[in-house]
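**Student:** Input: one structure, supplied below.
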Amino acid sequence: MTLIDISRPLMNGTPTWPGDTAFNYEVSWSKEQNGSVNVGKLTMSIHTGTHVDSPFHFDNDGRKITDLDLQLYIGSARMIDVSGRSSVGAEDLAAFDLDGVTRLLLRTSSWTNPDEFPAQITYLRADIAPFLQSKGIRLIGVDVPSVDPLDSKELAAHHGLHSHDIHILEGLALDHVAPGDYELIALPLPLVEADGSPVRAVLRPYTT
Ligand SMILES: N[C@@H](CC(=O)c1ccccc1NC=O)C(=O)O
Ligand SMILES: [Zn+2]
Ligand SMILES: [Zn+2]
């Protein structure tokens, strides 16, 4: 059984949002100290690497991560290449066949150096949300840290997607994947009260 890992590695030095909590993993209680086991300690922002947002991230009254339907994060997904654009809206997607698609992954290839937080990314325009909803899409995944421009404070794409009942998966690694149909598995952790969760995202090719 082949699995394609589309998660970004989490390690000390992993890029994070400017001003946000740095990622840190360390053995805080070692085998030498306790005579038995190494015990790790993790500090990170939830919006590091490959992660899902819950609506509470951008709406104080929004649902938390454990309120979301897990079914959204597992099942058929289509990956399409939309690279070479500064933004992606309904017009850019019109040429693609999206019939029957529930989960759509967009490869923008705009996060060019994975070792650094990007200065600029391909973002989603607000008109994408009603368009995706009209196609029956419930989850959108991107290969960048945000669906909005990095300097956006109003977060039009986040709010628009949320109000059209479309869930957000960010920070995927898609450069090594061929566009097409796969089974996506990207389950959030049961972080009660949280504004999102890191995920291990994988694609399973359909074998015929
Ligand atoms: N909306 C982005 C995160 C984001 O905007 C952000 C994450 C951490 C620290 C600051 C952030 N935005 C600040 O304006 C995301 O969903 O990952
Ligand atoms: Zn996020
Ligand atoms: Zn987000």
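Residue names in the structure tokens use chain letters A, B, ... in the order shown, residue numbers from 1 in each chain, and ligand numbers from 1 in the order shown.
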Can you tell me which residues surround Leu68 in chain A at a distance of at most 10 Å, considering only C-alpha atoms, apart from same-chain residues fewer than 3 positions away, and format the answer as an NGL selection string?
**Tutor:** :A and (54-55 or 63-65 or 71-73 or 167 or 188)
**Student:** Using 10 Å as the limit and counting only C-alpha atoms and all ligand atoms, can you tabulate each residue of chain A that touches ligand 3, with its shortest atom-to-atom distance in Å and the two atoms involved, as CSV?
**Tutor:**
```
residue,atom,partner,partner_atom_place_in_ligand_line,distance
A:His47,CA,ligand 3,1 (Zn),7.5
A:His51,CA,ligand 3,1 (Zn),8.6
A:Val52,CA,ligand 3,1 (Zn),7.4
A:Asp53,CA,ligand 3,1 (Zn),5.5
A:Ser54,CA,ligand 3,1 (Zn),8.4
A:Pro55,CA,ligand 3,1 (Zn),9.2
A:His57,CA,ligand 3,1 (Zn),7.6
A:Phe58,CA,ligand 3,1 (Zn),8.2
A:Val142,CA,ligand 3,1 (Zn),9.7
A:Val144,CA,ligand 3,1 (Zn),9.4
A:Pro145,CA,ligand 3,1 (Zn),6.9
A:Ser146,CA,ligand 3,1 (Zn),4.6
A:Val147,CA,ligand 3,1 (Zn),5.9
A:Asp148,CA,ligand 3,1 (Zn),7.4
A:Leu150,CA,ligand 3,1 (Zn),9.9
A:Leu155,CA,ligand 3,1 (Zn),8.5
A:Ala157,CA,ligand 3,1 (Zn),8.9
A:His158,CA,ligand 3,1 (Zn),6.4
A:His159,CA,ligand 3,1 (Zn),9.8
A:His167,CA,ligand 3,1 (Zn),9.7
A:Ile168,CA,ligand 3,1 (Zn),6.6
A:Leu169,CA,ligand 3,1 (Zn),7.5
A:Glu170,CA,ligand 3,1 (Zn),6.4
A:Gly171,CA,ligand 3,1 (Zn),9.2
A:Asp195,CA,ligand 3,1 (Zn),9.8
A:Gly196,CA,ligand 3,1 (Zn),8.8
```
**Student:** With DSSP run on the backbone, what are the strand (DSSP E or B) residues within range 89-154 of chain A? I'd like them as a PDB file with C-alpha atoms, in the first residue's frame.
**Tutor:**
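Dumped to part36.pdb:
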```pdb
ATOM      1  CA  ARG A 103     -12.192  17.874  -1.262  1.00  0.00           C
ATOM      2  CA  LEU A 104     -10.054  20.046  -3.501  1.00  0.00           C
ATOM      3  CA  LEU A 105      -6.300  20.499  -3.101  1.00  0.00           C
ATOM      4  CA  LEU A 106      -4.670  23.426  -4.897  1.00  0.00           C
ATOM      5  CA  ARG A 107      -1.018  23.338  -5.857  1.00  0.00           C
ATOM      6  CA  TYR A 123      -3.945  33.579  -2.116  1.00  0.00           C
ATOM      7  CA  LEU A 124      -7.605  32.830  -2.717  1.00  0.00           C
ATOM      8  CA  LEU A 139     -12.759  21.121   2.069  1.00  0.00           C
ATOM      9  CA  ILE A 140     -10.074  23.215   0.407  1.00  0.00           C
ATOM     10  CA  GLY A 141      -6.377  22.459   0.857  1.00  0.00           C
ATOM     11  CA  VAL A 142      -3.487  24.747  -0.076  1.00  0.00           C
TER      12      VAL A 142
END
```
**Student:** Which one is closest to ligand 2: A:Phe23, A:Trp17, A:Tyr206, A:Phe96? Count only C-alpha atoms and all ligand atoms.
**Tutor:**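 Nearest candidate to ligand 2 out of A:Phe23, A:Trp17, A:Tyr206, A:Phe96: A:Trp17.
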**Student:** When you count only C-alpha atoms, which of these residues is closest to Ile6 in chain A: A:Ser45, A:Gln33, A:Thr50, A:Ser152?
**Tutor:**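 Of the candidates, the smallest distance to Ile6 in chain A is held by A:Thr50.
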**Student:** Considering only C-alpha atoms and all ligand atoms, state which residue in the set A:Asp181, A:Asp151, A:Glu193, A:Glu32 is at the smallest distance from ligand 1.
**Tutor:**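 Smallest separation from ligand 1 among the options: A:Asp151.
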**Student:** Taking only C-alpha atoms and all ligand atoms into account, which of A:Leu3, A:Leu132, A:Ala156, A:Met79 comes nearest ligand 1?
**Tutor:**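 Of A:Leu3, A:Leu132, A:Ala156, A:Met79, the one nearest ligand 1, counting only C-alpha atoms and all ligand atoms, is A:Ala156.
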**Student:** Can you pull out the residues contacting Phe131 in chain A? Cut-off 9 Å, using only C-alpha atoms, and skip same-chain residues under 6 positions away; I want them as an mmCIF file with C-alpha atoms, in the first residue's frame.
**Tutor:**
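Wrote selection.cif, looks like this:
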```
data_model
loop_
_atom_site.group_PDB
_atom_site.id
_atom_site.type_symbol
_atom_site.label_atom_id
_atom_site.label_comp_id
_atom_site.auth_asym_id
_atom_site.auth_seq_id
_atom_site.Cartn_x
_atom_site.Cartn_y
_atom_site.Cartn_z
ATOM 1 C CA GLY A 89 -10.593 32.808 -7.859
ATOM 2 C CA ALA A 90 -13.655 31.325 -9.545
ATOM 3 C CA LEU A 93 -11.044 27.244 -11.634
ATOM 4 C CA ILE A 137 -16.812 21.144 -2.282
#
```
**Student:** Determine, counting only C-alpha atoms, which protein, DNA and RNA residues have an atom within 8 Å of an atom of Pro179 in chain A; residues of the same chain fewer than 3 positions away are not included. Present the result as a PyMOL selection string.
**Tutor:** chain A and resi 78-81
**Student:** Would you please extract all helix (DSSP H, G or I) residues from chain A, as assigned by DSSP on the backbone, and give them as a PyMOL selection string?
**Tutor:** chain A and resi 31-34+55-57+65-67+70-73+90-93+128-134+156-163
**Student:** Rank A:Pro18, A:Gly180, A:Gly100, A:Gly40 by their smallest atom-to-atom distance to ligand 1, using only C-alpha atoms and all ligand atoms, and report the top residue only.
**Tutor:**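 Looking only at the distances to ligand 1, the closest residue turns out to be A:Pro18.
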**Student:** Rounded to one decimal place, report the atom 9 (C, counted along the ligand's line) of ligand 1-CA of Leu203 in chain A distance in Å.
**Tutor:**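 One can read the atom 9 (C, counted along the ligand's line) of ligand 1 to CA of Leu203 in chain A distance as 27.7 Å.
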**Student:** Considering only C-alpha atoms, return as a PyMOL selection string whatever protein or nucleic-acid residues lie within 9 Å of Ser76 in chain A, sequence-local ones (same chain, fewer than 2 positions apart) excluded.
**Tutor:** chain A and resi 74+78+101-103+181-185
**Student:** So that I have them on file, write out the residues from the current selection with N, CA and C atoms, as a compact mmCIF listing (two decimals), in the first residue's frame.
**Tutor:**
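Printed below is part-v3.txt as written:
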```txt
# COMPACT_ATOMS: atom_id res chain seq x y z
N ILE A 74 -11.11 12.93 5.72
CA ILE A 74 -10.76 11.62 5.21
C ILE A 74 -11.72 11.27 4.08
N ARG A 78 -9.39 15.71 -4.99
CA ARG A 78 -8.74 15.97 -6.28
C ARG A 78 -7.69 17.05 -6.11
N VAL A 101 -16.50 16.50 -6.89
CA VAL A 101 -15.35 16.69 -5.99
C VAL A 101 -15.84 17.24 -4.65
N THR A 102 -15.42 16.59 -3.56
CA THR A 102 -15.77 17.05 -2.20
C THR A 102 -14.60 17.77 -1.55
N ARG A 103 -13.41 17.29 -1.86
CA ARG A 103 -12.19 17.87 -1.26
C ARG A 103 -11.26 18.27 -2.40
N ASP A 181 -6.74 12.26 -8.73
CA ASP A 181 -7.64 11.86 -7.66
C ASP A 181 -6.96 10.89 -6.69
N TYR A 182 -7.20 11.12 -5.40
CA TYR A 182 -6.59 10.33 -4.34
C TYR A 182 -7.58 10.20 -3.19
N GLU A 183 -7.22 9.31 -2.26
CA GLU A 183 -7.88 9.35 -0.96
C GLU A 183 -7.02 10.21 -0.04
N LEU A 184 -7.61 11.22 0.55
CA LEU A 184 -6.91 12.11 1.50
C LEU A 184 -7.18 11.64 2.92
N ILE A 185 -6.13 11.64 3.73
CA ILE A 185 -6.29 11.42 5.16
C ILE A 185 -5.50 12.53 5.86
```
**Student:** Could you tell me which of A:Asn113, A:Ser163, A:Thr122, A:Ser28 comes closest to Arg138 in chain A if we count only C-alpha atoms?
**Tutor:** A:Ser163
**Student:** Quick one: pull the distance between CA of Gly160 in chain A and CA of Gln133 in chain A, Å, one decimal.
**Tutor:**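 Rounded to one decimal, the two atoms are 10.5 Å apart.
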